[in-house]
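The file upload_12.txt comes next; it holds compact mmCIF, C-alpha atoms and all ligand atoms.
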# COMPACT_ATOMS: atom_id res chain seq x y z
CA MET A 1 6.85 26.01 -1.45
CA LYS A 2 8.93 24.39 1.28
CA ALA A 3 11.36 21.52 0.77
CA VAL A 4 14.32 20.03 2.61
CA VAL A 5 17.34 20.40 0.38
CA LEU A 6 20.95 19.26 0.53
CA THR A 7 23.39 22.01 -0.44
CA ALA A 8 26.63 20.17 0.44
CA PRO A 9 27.49 16.94 2.28
CA HIS A 10 25.98 17.04 5.81
CA ARG A 11 24.37 20.38 5.02
CA LEU A 12 20.58 20.42 4.87
CA THR A 13 18.24 23.40 4.92
CA VAL A 14 14.51 23.90 4.88
CA ALA A 15 14.08 26.10 1.81
CA ASP A 16 10.81 27.93 1.20
CA ASP A 17 11.31 29.21 -2.33
CA LEU A 18 10.83 26.10 -4.44
CA PRO A 19 8.52 26.35 -7.45
CA GLU A 20 5.05 24.83 -7.05
CA PRO A 21 5.01 21.41 -8.82
CA VAL A 22 3.02 21.25 -12.05
CA PRO A 23 1.67 17.78 -12.95
CA GLY A 24 2.29 16.28 -16.38
CA PRO A 25 -0.78 14.67 -18.05
CA GLY A 26 -0.25 11.30 -16.31
CA GLU A 27 0.85 12.62 -12.93
CA VAL A 28 -0.69 13.47 -9.59
CA VAL A 29 0.38 16.18 -7.13
CA VAL A 30 0.72 14.86 -3.57
CA ALA A 31 0.87 16.91 -0.35
CA LEU A 32 3.41 15.23 1.91
CA GLU A 33 2.15 13.75 5.21
CA GLY A 34 5.20 11.77 6.22
CA LEU A 35 8.48 10.30 5.01
CA GLY A 36 10.80 7.60 6.30
CA VAL A 37 14.55 8.16 6.31
CA CYS A 38 16.49 5.26 4.82
CA GLY A 39 20.16 4.26 4.67
CA SER A 40 20.40 5.33 1.03
CA ASP A 41 19.15 8.83 1.97
CA LEU A 42 21.83 8.97 4.65
CA SER A 43 24.47 8.03 2.05
CA VAL A 44 23.31 10.99 -0.03
CA HIS A 45 23.35 13.22 3.05
CA GLU A 46 26.90 12.18 3.91
CA GLY A 47 28.15 12.67 0.35
CA HIS A 48 28.86 8.95 -0.23
CA ARG A 49 26.28 8.76 -2.96
CA ALA A 50 26.50 11.48 -5.62
CA VAL A 51 23.33 13.25 -6.74
CA PRO A 52 22.85 14.98 -10.12
CA ALA A 53 22.58 18.53 -8.75
CA VAL A 54 22.53 20.70 -5.63
CA PRO A 55 20.44 21.97 -3.98
CA TRP A 56 18.90 18.48 -3.95
CA VAL A 57 15.48 17.61 -2.51
CA MET A 58 15.95 14.62 -0.19
CA GLY A 59 13.94 11.51 0.61
CA HIS A 60 11.86 8.83 -1.09
CA GLU A 61 9.74 6.83 1.40
CA ALA A 62 6.73 9.11 1.29
CA PHE A 63 2.99 9.09 1.78
CA GLY A 64 0.52 11.92 1.51
CA ARG A 65 -2.73 13.16 0.03
CA VAL A 66 -3.45 13.80 -3.64
CA VAL A 67 -4.27 17.47 -4.16
CA SER A 68 -4.54 17.68 -7.96
CA THR A 69 -4.08 15.61 -11.09
CA GLY A 70 -2.81 15.92 -14.64
CA SER A 71 -5.26 15.95 -17.54
CA ALA A 72 -5.09 12.17 -18.16
CA VAL A 73 -5.71 11.11 -14.56
CA PRO A 74 -9.29 10.64 -13.27
CA ALA A 75 -10.05 13.37 -10.71
CA GLN A 76 -11.64 10.88 -8.25
CA ILE A 77 -8.20 10.29 -6.77
CA VAL A 78 -8.06 13.87 -5.45
CA GLY A 79 -8.35 13.84 -1.65
CA ARG A 80 -7.22 10.20 -1.33
CA ARG A 81 -4.22 9.18 0.75
CA VAL A 82 -1.49 7.48 -1.26
CA VAL A 83 1.81 5.78 -0.57
CA VAL A 84 4.50 6.38 -3.17
CA GLU A 85 6.34 3.57 -4.96
CA PRO A 86 9.54 5.60 -5.40
CA ASN A 87 11.11 3.72 -8.30
CA PHE A 88 9.52 4.85 -11.54
CA ALA A 89 10.34 2.10 -14.04
CA CYS A 90 9.83 2.93 -17.73
CA LEU A 91 7.42 -0.03 -18.15
CA GLU A 92 8.46 -0.35 -21.80
CA CYS A 93 11.98 -1.81 -21.94
CA ALA A 94 12.76 -5.53 -22.23
CA ASP A 95 13.31 -5.91 -18.46
CA CYS A 96 10.06 -4.13 -17.61
CA ARG A 97 8.15 -6.18 -20.19
CA ARG A 98 9.30 -9.43 -18.59
CA GLY A 99 8.13 -8.19 -15.21
CA LEU A 100 11.52 -7.28 -13.76
CA THR A 101 10.93 -3.54 -13.36
CA SER A 102 13.51 -3.53 -10.53
CA ALA A 103 16.14 -4.07 -13.25
CA CYS A 104 14.85 -1.29 -15.55
CA PRO A 105 17.91 0.63 -16.78
CA TYR A 106 15.77 3.74 -17.25
CA ARG A 107 14.29 3.62 -13.74
CA ALA A 108 13.91 6.99 -12.00
CA ILE A 109 15.19 6.32 -8.48
CA VAL A 110 13.54 8.98 -6.36
CA GLY A 111 15.93 10.94 -4.15
CA MET A 112 18.93 9.43 -5.99
CA ASN A 113 18.78 10.19 -9.73
CA ALA A 114 15.39 11.94 -9.60
CA PRO A 115 14.45 14.70 -7.11
CA GLY A 116 13.25 13.56 -3.69
CA LEU A 117 9.90 13.92 -1.93
CA LEU A 118 10.72 15.77 1.29
CA ALA A 119 8.74 18.77 0.09
CA GLU A 120 5.35 20.27 0.83
CA ARG A 121 4.07 18.97 -2.50
CA PHE A 122 5.54 16.82 -5.28
CA THR A 123 4.45 15.09 -8.50
CA VAL A 124 4.33 11.32 -9.01
CA PRO A 125 3.31 9.30 -12.10
CA ALA A 126 -0.21 8.13 -11.20
CA PRO A 127 0.55 4.36 -11.41
CA PHE A 128 3.22 4.84 -8.72
CA ALA A 129 0.85 6.52 -6.24
CA HIS A 130 -1.02 3.67 -4.50
CA VAL A 131 -4.29 4.63 -2.84
CA VAL A 132 -4.51 3.34 0.74
CA PRO A 133 -7.51 3.01 3.08
CA GLU A 134 -8.03 6.00 5.41
CA GLU A 135 -8.05 3.83 8.54
CA LEU A 136 -4.46 2.62 8.19
CA ASP A 137 -2.02 3.81 10.84
CA VAL A 138 0.16 6.44 9.17
CA ARG A 139 3.20 5.04 11.01
CA ASP A 140 2.79 1.82 9.04
CA LEU A 141 2.91 3.95 5.90
CA ALA A 142 6.10 5.69 7.03
CA ALA A 143 7.88 2.32 6.99
CA PHE A 144 5.91 0.76 4.17
CA GLU A 145 8.39 1.05 1.29
CA PRO A 146 11.25 -0.72 3.12
CA TYR A 147 8.70 -3.35 4.20
CA VAL A 148 7.93 -3.99 0.51
CA VAL A 149 11.68 -4.40 -0.12
CA ALA A 150 11.92 -6.98 2.70
CA ARG A 151 8.74 -8.79 1.75
CA THR A 152 9.82 -9.01 -1.89
CA ALA A 153 13.14 -10.61 -0.87
CA VAL A 154 11.20 -13.17 1.17
CA LYS A 155 8.84 -13.83 -1.73
CA ARG A 156 11.63 -14.19 -4.28
CA SER A 157 13.46 -16.65 -2.01
CA GLY A 158 10.51 -19.05 -2.13
CA ILE A 159 10.70 -19.89 1.58
CA SER A 160 7.66 -21.61 3.05
CA LYS A 161 5.84 -21.88 6.35
CA GLY A 162 7.69 -23.71 9.09
CA GLU A 163 11.18 -23.16 7.65
CA ARG A 164 13.91 -21.71 9.82
CA ALA A 165 15.96 -18.83 8.43
CA LEU A 166 19.09 -17.05 9.56
CA VAL A 167 18.65 -13.27 9.26
CA LEU A 168 21.80 -11.14 9.36
CA GLY A 169 21.08 -7.73 10.87
CA ALA A 170 18.16 -6.25 12.80
CA GLY A 171 18.27 -2.72 11.47
CA ALA A 172 15.06 -1.57 9.75
CA GLN A 173 15.54 -4.00 6.85
CA GLY A 174 16.39 -6.98 9.06
CA LEU A 175 13.46 -6.24 11.35
CA LEU A 176 10.99 -5.88 8.49
CA LEU A 177 12.34 -9.02 6.86
CA SER A 178 11.88 -10.93 10.13
CA GLN A 179 8.36 -9.58 10.37
CA SER A 180 7.62 -10.74 6.85
CA LEU A 181 9.01 -14.23 7.64
CA LEU A 182 6.91 -14.42 10.81
CA ALA A 183 3.78 -13.41 8.88
CA LEU A 184 4.49 -16.33 6.57
CA GLY A 185 4.87 -18.77 9.46
CA ALA A 186 8.63 -19.12 9.01
CA GLU A 187 11.10 -18.83 11.92
CA PRO A 188 13.68 -16.02 11.79
CA VAL A 189 16.85 -16.51 13.82
CA VAL A 190 18.67 -13.19 14.01
CA VAL A 191 22.36 -12.29 14.21
CA GLU A 192 22.79 -8.69 15.44
CA LEU A 193 25.58 -7.18 17.53
CA HIS A 194 23.66 -4.06 18.63
CA PRO A 195 21.79 -5.17 21.79
CA GLU A 196 18.87 -2.77 21.39
CA ARG A 197 18.31 -3.82 17.78
CA LEU A 198 18.48 -7.50 18.73
CA ALA A 199 15.96 -6.90 21.53
CA ARG A 200 13.58 -5.30 19.02
CA ALA A 201 13.77 -8.38 16.79
CA VAL A 202 13.18 -10.70 19.74
CA ALA A 203 10.21 -8.60 20.89
CA LEU A 204 8.75 -9.15 17.43
CA GLY A 205 8.96 -12.94 17.80
CA ALA A 206 12.33 -13.69 16.22
CA THR A 207 14.96 -15.78 18.03
CA ALA A 208 18.44 -14.48 18.83
CA ALA A 209 21.07 -16.73 17.21
CA GLY A 210 23.13 -18.66 19.78
CA ASP A 211 26.80 -19.48 19.24
CA GLY A 212 26.09 -23.08 18.33
CA ASP A 213 23.08 -22.48 16.04
CA GLY A 214 23.70 -23.94 12.61
CA GLY A 215 22.35 -26.17 9.89
CA PHE A 216 20.42 -23.37 8.22
CA LEU A 217 19.06 -23.87 4.72
CA ARG A 218 18.04 -20.22 4.42
CA LEU A 219 20.02 -17.06 4.98
CA TYR A 220 18.98 -13.44 4.44
CA GLU A 221 21.72 -10.80 4.49
CA THR A 222 20.52 -7.27 5.35
CA THR A 223 23.62 -5.61 6.85
CA GLY A 224 25.43 -4.89 3.59
CA ALA A 225 28.70 -5.89 5.28
CA ALA A 226 30.65 -8.72 3.65
CA PRO A 227 32.33 -9.68 6.98
CA ALA A 228 28.89 -10.37 8.51
CA LEU A 229 28.20 -12.80 5.69
CA ALA A 230 31.63 -14.43 6.08
CA ALA A 231 31.01 -15.02 9.79
CA ALA A 232 27.65 -16.66 9.10
CA LEU A 233 28.81 -19.15 6.44
CA PRO A 234 29.74 -21.92 8.94
CA ARG A 235 26.14 -21.87 10.16
CA LEU A 236 24.79 -23.02 6.77
CA ALA A 237 23.85 -26.56 5.77
CA PRO A 238 24.76 -27.95 2.33
CA GLY A 239 22.14 -26.90 -0.22
CA ALA A 240 21.41 -23.56 1.49
CA THR A 241 19.97 -20.55 -0.31
CA LEU A 242 21.54 -17.16 0.48
CA THR A 243 19.32 -14.16 -0.30
CA LEU A 244 21.31 -10.93 -0.32
CA VAL A 245 19.48 -7.65 0.28
CA GLY A 246 22.24 -5.44 1.77
CA LEU A 247 24.61 -3.78 -0.67
CA ASP A 248 28.39 -3.90 -0.38
CA THR A 249 30.91 -3.25 -3.16
CA ALA A 250 33.39 -5.69 -1.57
CA PRO A 251 33.66 -9.12 -3.28
CA LEU A 252 31.66 -11.93 -1.72
CA PRO A 253 33.61 -13.57 1.11
CA LEU A 254 33.32 -17.07 -0.32
CA THR A 255 35.04 -19.09 -3.01
CA MET A 256 33.60 -20.88 -6.03
CA ASP A 257 34.81 -24.02 -4.31
CA GLN A 258 32.64 -23.25 -1.25
CA VAL A 259 29.62 -22.55 -3.44
CA VAL A 260 30.03 -25.73 -5.48
CA ARG A 261 30.90 -28.07 -2.62
CA GLY A 262 28.27 -26.47 -0.38
CA LEU A 263 25.65 -26.76 -3.17
CA LEU A 264 24.78 -23.15 -2.38
CA THR A 265 22.32 -20.94 -4.21
CA ILE A 266 23.13 -17.23 -4.11
CA GLN A 267 20.31 -14.89 -4.94
CA GLY A 268 20.27 -11.09 -5.04
CA SER A 269 17.07 -9.17 -4.31
CA LEU A 270 16.82 -5.51 -5.27
CA ILE A 271 13.70 -3.51 -4.31
CA TYR A 272 10.41 -4.81 -5.83
CA ASP A 273 8.60 -5.13 -9.13
CA HIS A 274 5.82 -2.85 -10.32
CA PRO A 275 2.96 -2.94 -9.58
CA HIS A 276 2.19 -6.28 -7.90
CA ASP A 277 4.77 -6.22 -5.07
CA PHE A 278 3.48 -2.90 -3.69
CA ARG A 279 -0.15 -3.98 -4.11
CA SER A 280 0.26 -7.33 -2.37
CA ALA A 281 2.28 -5.77 0.45
CA LEU A 282 -0.60 -3.34 1.00
CA ASP A 283 -2.89 -6.34 1.55
CA ASP A 284 -0.60 -7.39 4.41
CA ILE A 285 -1.23 -4.19 6.34
CA THR A 286 -4.89 -3.71 5.45
CA SER A 287 -5.54 -7.27 6.67
CA ASP A 288 -3.64 -6.48 9.90
CA ARG A 289 -1.08 -9.26 9.30
CA VAL A 290 1.95 -6.98 9.62
CA HIS A 291 2.79 -3.59 11.09
CA PRO A 292 5.91 -2.07 9.48
CA SER A 293 5.77 0.67 12.14
CA VAL A 294 7.74 -1.73 14.39
CA ALA A 295 10.85 -0.53 12.53
CA LEU A 296 10.32 3.11 13.58
CA THR A 297 11.77 4.87 16.57
CA THR A 298 11.77 8.62 16.27
CA ARG A 299 9.42 11.09 14.60
CA TYR A 300 10.58 14.63 13.75
CA ALA A 301 8.68 17.69 12.63
CA PHE A 302 9.31 18.82 9.04
CA GLU A 303 11.24 21.89 10.21
CA ASP A 304 13.55 19.60 12.23
CA ALA A 305 14.49 17.47 9.21
CA PRO A 306 18.15 18.59 9.27
CA ARG A 307 18.42 17.30 12.84
CA ALA A 308 16.56 14.10 11.90
CA PHE A 309 19.22 13.30 9.29
CA ALA A 310 22.10 14.24 11.57
CA GLU A 311 20.81 11.96 14.35
CA ALA A 312 19.50 9.04 12.27
CA ARG A 313 22.64 6.87 12.36
CA GLY A 314 22.58 6.93 16.16
CA GLN A 315 19.01 5.57 16.41
CA ALA A 316 18.31 1.87 16.99
CA GLY A 317 15.32 2.07 14.67
CA LYS A 318 14.13 4.07 11.74
CA THR A 319 13.66 7.84 11.75
CA TRP A 320 10.66 9.45 10.11
CA ILE A 321 9.66 13.02 9.38
CA ALA A 322 6.13 14.40 9.45
CA GLY A 323 4.77 16.49 6.61
CA PRO A 324 4.77 20.28 7.02
CA GLY A 325 1.90 21.61 9.09
CA THR A 326 1.38 18.31 10.91
CA GLY A 327 3.52 19.35 13.88
ZN ZN B 1 14.48 3.40 1.23
ZN ZN B 2 12.09 -0.30 -18.13
Translate the structure of the given file into structure tokens.
Amino acid sequence: MKAVVLTAPHRLTVADDLPEPVPGPGEVVVALEGLGVCGSDLSVHEGHRAVPAVPWVMGHEAFGRVVSTGSAVPAQIVGRRVVVEPNFACLECADCRRGLTSACPYRAIVGMNAPGLLAERFTVPAPFAHVVPEELDVRDLAAFEPYVVARTAVKRSGISKGERALVLGAGAQGLLLSQSLLALGAEPVVVELHPERLARAVALGATAAGDGDGGFLRLYETTGAAPALAAALPRLAPGATLTLVGLDTAPLPLTMDQVVRGLLTIQGSLIYDHPHDFRSALDDITSDRVHPSVALTTRYAFEDAPRAFAEARGQAGKTWIAGPGTG
């Protein structure tokens, strides 16, 4: 079986000698139809994020068709198209039991601490393979998982219709977050230095932040760069809520004094919680309210995956890779 594997930093190959996946009792086997490339995959590719073993199967934002099931999974799911929720929480620990599966310490993070999905076929625990209607545009599925991340951050922040929000970054995450805000009837105002990315956000209905724009009570940080956050602080009004989605190991660029005197609320938002965040995000696309495909730019054939990874950082939007045999 074919899979795209990392053998060393920046070195990817399409291997064809991987063992055929065998489903455990509660698992399904999925034939890959497409996969989005995300910043965390690029960190793995570049050697910035260590993986447990090499060769390492890459990727996590996958959709495909169920081809077989384990003994405990009803066979009716065979033949259905599914989108994968690529964080397999244990569903039994204290965090999972209180609904915060994103904090599960035993979580299998696909492509990071568990093998990736950029393979002809792979296994997934059945509860993490969400059946989707046939008529959905597959490009919306290729960008669906990062949309769920963005939408969950918006949901956790508690923003409502009519509110204005400063969004830092218009990469895939910033774009999808703006889309989620727009779907809610909120008004995203975007800070982005890359002109093409900014233009994409504006085309979506967001506003480009002007030099004098301030007084924001909502901020969403998607760049993962502490200096971007530092530069945006003067634009906030007292009592603002800062929702951080981008990851940076640098300390926050603000003092306790600024937080206290500014009456600020700082909130982190990591991925999504199983299963409701994935399910409700699916309603958004089946009801035609959002189209995560807006985040995509370039599609590559499976055999060209090494080139897709090498070129991804240079693209204004998100790269995705088609399943083998789909051209
Ligand atoms: Zn991702
Ligand atoms: Zn858990």
**Request:** Could the residues that lie within 6 Å of ligand ZN 1 (chain B), counting all atoms listed in the file, be listed as a ChimeraX atom specification?
**Result:** /A:38,61,146
**Request:** Would you kindly return, as a list of chain:residue names, each protein, DNA or RNA residue with an atom no farther than 7 Å from any atom of region 298-301 of chain A, considering all atoms listed in the file and excluding same-chain residues fewer than 5 positions away?
**Result:**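 Within the cut-off, the hits are A:Ala308, A:Lys318, A:Thr319, A:Trp320, A:Ile321, A:Ala322, A:Gly327.
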Region 34-45 of chain A, all listed atoms, 6 Å padding on each side: what axis-aligned box centre and edge lengths in Å to one decimal come out, as AutoDock Vina command-line options?
--center_x 14.8 --center_y 8.7 --center_z 3.1 --size_x 31.3 --size_y 21.0 --size_z 18.3
For ligand ZN 2 (chain B), return the neighbouring residues as a PDB file with C-alpha atoms, in the frame of the given file (distance at most 8 Å; only C-alpha atoms and all ligand atoms).
ATOM      1  CA  ALA A  89      10.340   2.100 -14.040  1.00  0.00           C
ATOM      2  CA  CYS A  90       9.830   2.930 -17.730  1.00  0.00           C
ATOM      3  CA  LEU A  91       7.420  -0.030 -18.150  1.00  0.00           C
ATOM      4  CA  GLU A  92       8.460  -0.350 -21.800  1.00  0.00           C
ATOM      5  CA  CYS A  93      11.980  -1.810 -21.940  1.00  0.00           C
ATOM      6  CA  ALA A  94      12.760  -5.530 -22.230  1.00  0.00           C
ATOM      7  CA  ASP A  95      13.310  -5.910 -18.460  1.00  0.00           C
ATOM      8  CA  CYS A  96      10.060  -4.130 -17.610  1.00  0.00           C
ATOM      9  CA  ARG A  97       8.150  -6.180 -20.190  1.00  0.00           C
ATOM     10  CA  THR A 101      10.930  -3.540 -13.360  1.00  0.00           C
ATOM     11  CA  ALA A 103      16.140  -4.070 -13.250  1.00  0.00           C
ATOM     12  CA  CYS A 104      14.850  -1.290 -15.550  1.00  0.00           C
ATOM     13  CA  PRO A 105      17.910   0.630 -16.780  1.00  0.00           C
ATOM     14  CA  TYR A 106      15.770   3.740 -17.250  1.00  0.00           C
ATOM     15  CA  ARG A 107      14.290   3.620 -13.740  1.00  0.00           C
TER      16      ARG A 107
END
**Prompt:** Can you list, as a ChimeraX atom specification, every protein, DNA or RNA residue that comes within 12 Å of Ala75 (chain A) when you count only C-alpha atoms, leaving out same-chain residues fewer than 3 positions away?
**Reply:** /A:25-29,66-72,78-80,126
**Request:** Work out how far CA of Pro86 (chain A) is from CA of Arg65 (chain A), in Å to one decimal.
**Result:** 15.4 Å
**Asked** Closest to Val5 (chain A) among A:Pro74, A:Gly111, A:Pro21, A:Gly323, using all atoms listed in the file?
**Response** A:Gly111
**Request:** With a distance cut-off of 8 Å and all atoms listed in the file, select the neighbouring residues of region 41-53 of chain A, excluding the residue or stretch itself and same-chain residues fewer than 5 positions from it, and output the selection as a ChimeraX atom specification.
**Result:** /A:6,8-12,58-60,111-113,309,312
For the residues selected in the previous step, produce a file with C-alpha atoms as an mmCIF file, in the coordinates of the input.
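Done, and the output landed in result_13.cif:
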data_model
loop_
_atom_site.group_PDB
_atom_site.id
_atom_site.type_symbol
_atom_site.label_atom_id
_atom_site.label_comp_id
_atom_site.auth_asym_id
_atom_site.auth_seq_id
_atom_site.Cartn_x
_atom_site.Cartn_y
_atom_site.Cartn_z
ATOM 1 C CA LEU A 6 20.950 19.260 0.530
ATOM 2 C CA ALA A 8 26.630 20.170 0.440
ATOM 3 C CA PRO A 9 27.490 16.940 2.280
ATOM 4 C CA HIS A 10 25.980 17.040 5.810
ATOM 5 C CA ARG A 11 24.370 20.380 5.020
ATOM 6 C CA LEU A 12 20.580 20.420 4.870
ATOM 7 C CA MET A 58 15.950 14.620 -0.190
ATOM 8 C CA GLY A 59 13.940 11.510 0.610
ATOM 9 C CA HIS A 60 11.860 8.830 -1.090
ATOM 10 C CA GLY A 111 15.930 10.940 -4.150
ATOM 11 C CA MET A 112 18.930 9.430 -5.990
ATOM 12 C CA ASN A 113 18.780 10.190 -9.730
ATOM 13 C CA PHE A 309 19.220 13.300 9.290
ATOM 14 C CA ALA A 312 19.500 9.040 12.270
#
**Asked** Between A:Leu264, A:Ala150, A:Val259, A:Leu168, which has the minimum distance to Leu219 (chain A) (counting all atoms listed in the file)?
**Response**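 Closest to Leu219 (chain A), using all atoms listed in the file: A:Leu168.
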**Nearest to Gly314 (chain A), chosen from A:Glu33, A:Asp288, A:Glu196, A:Asp211, with all atoms listed in the file counted in the distances** =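 Comparing A:Glu33, A:Asp288, A:Glu196, A:Asp211 against Gly314 (chain A), the winner is A:Glu196.
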Could you get me a file of region 43-67 of chain A with N, CA and C atoms, as a compact mmCIF listing (two decimals), in the first residue's frame, taken from the block above?
# COMPACT_ATOMS: atom_id res chain seq x y z
N SER A 43 5.65 21.82 10.24
CA SER A 43 6.65 21.77 11.32
C SER A 43 7.28 20.39 11.42
N VAL A 44 6.47 19.36 11.23
CA VAL A 44 7.00 17.99 11.23
C VAL A 44 7.95 17.81 10.04
N HIS A 45 7.50 18.27 8.89
CA HIS A 45 8.27 18.15 7.65
C HIS A 45 9.63 18.82 7.78
N GLU A 46 9.64 19.97 8.45
CA GLU A 46 10.88 20.75 8.56
C GLU A 46 11.75 20.30 9.74
N GLY A 47 11.27 19.34 10.52
CA GLY A 47 12.05 18.82 11.64
C GLY A 47 11.93 19.66 12.91
N HIS A 48 10.99 20.63 12.92
CA HIS A 48 10.81 21.46 14.12
C HIS A 48 9.95 20.76 15.16
N ARG A 49 9.20 19.79 14.72
CA ARG A 49 8.35 19.06 15.64
C ARG A 49 8.71 17.59 15.52
N ALA A 50 9.24 17.02 16.61
CA ALA A 50 9.76 15.65 16.57
C ALA A 50 8.61 14.64 16.51
N VAL A 51 8.80 13.60 15.73
CA VAL A 51 7.82 12.51 15.65
C VAL A 51 8.44 11.25 16.26
N PRO A 52 7.58 10.30 16.70
CA PRO A 52 8.10 9.14 17.43
C PRO A 52 9.02 8.23 16.63
N ALA A 53 8.88 8.20 15.31
CA ALA A 53 9.67 7.25 14.52
C ALA A 53 9.77 7.72 13.08
N VAL A 54 10.78 7.28 12.36
CA VAL A 54 10.83 7.44 10.90
C VAL A 54 11.05 6.05 10.29
N PRO A 55 10.58 5.78 9.08
CA PRO A 55 9.72 6.66 8.28
C PRO A 55 8.38 6.93 8.96
N TRP A 56 7.87 8.17 8.77
CA TRP A 56 6.66 8.63 9.45
C TRP A 56 5.61 9.02 8.42
N VAL A 57 4.41 8.42 8.54
CA VAL A 57 3.32 8.78 7.62
C VAL A 57 2.80 10.16 8.03
N MET A 58 2.72 11.06 7.05
CA MET A 58 2.37 12.46 7.30
C MET A 58 0.86 12.71 7.25
N GLY A 59 0.47 13.87 7.78
CA GLY A 59 -0.87 14.41 7.51
C GLY A 59 -1.96 14.02 8.49
N HIS A 60 -2.97 14.91 8.62
CA HIS A 60 -4.08 14.59 9.54
C HIS A 60 -5.44 15.12 9.09
N GLU A 61 -5.49 16.06 8.15
CA GLU A 61 -6.79 16.66 7.80
C GLU A 61 -7.40 15.90 6.63
N ALA A 62 -7.94 14.73 6.91
CA ALA A 62 -8.29 13.80 5.84
C ALA A 62 -9.79 13.55 5.73
N PHE A 63 -10.18 13.22 4.50
CA PHE A 63 -11.53 12.67 4.27
C PHE A 63 -11.39 11.53 3.28
N GLY A 64 -12.38 10.66 3.26
CA GLY A 64 -12.29 9.52 2.36
C GLY A 64 -13.53 8.66 2.48
N ARG A 65 -13.43 7.42 1.97
CA ARG A 65 -14.58 6.54 1.95
C ARG A 65 -14.28 5.29 2.78
N VAL A 66 -15.25 4.89 3.58
CA VAL A 66 -15.06 3.70 4.43
C VAL A 66 -15.08 2.47 3.53
N VAL A 67 -14.04 1.63 3.67
CA VAL A 67 -13.99 0.43 2.82
C VAL A 67 -14.21 -0.86 3.62
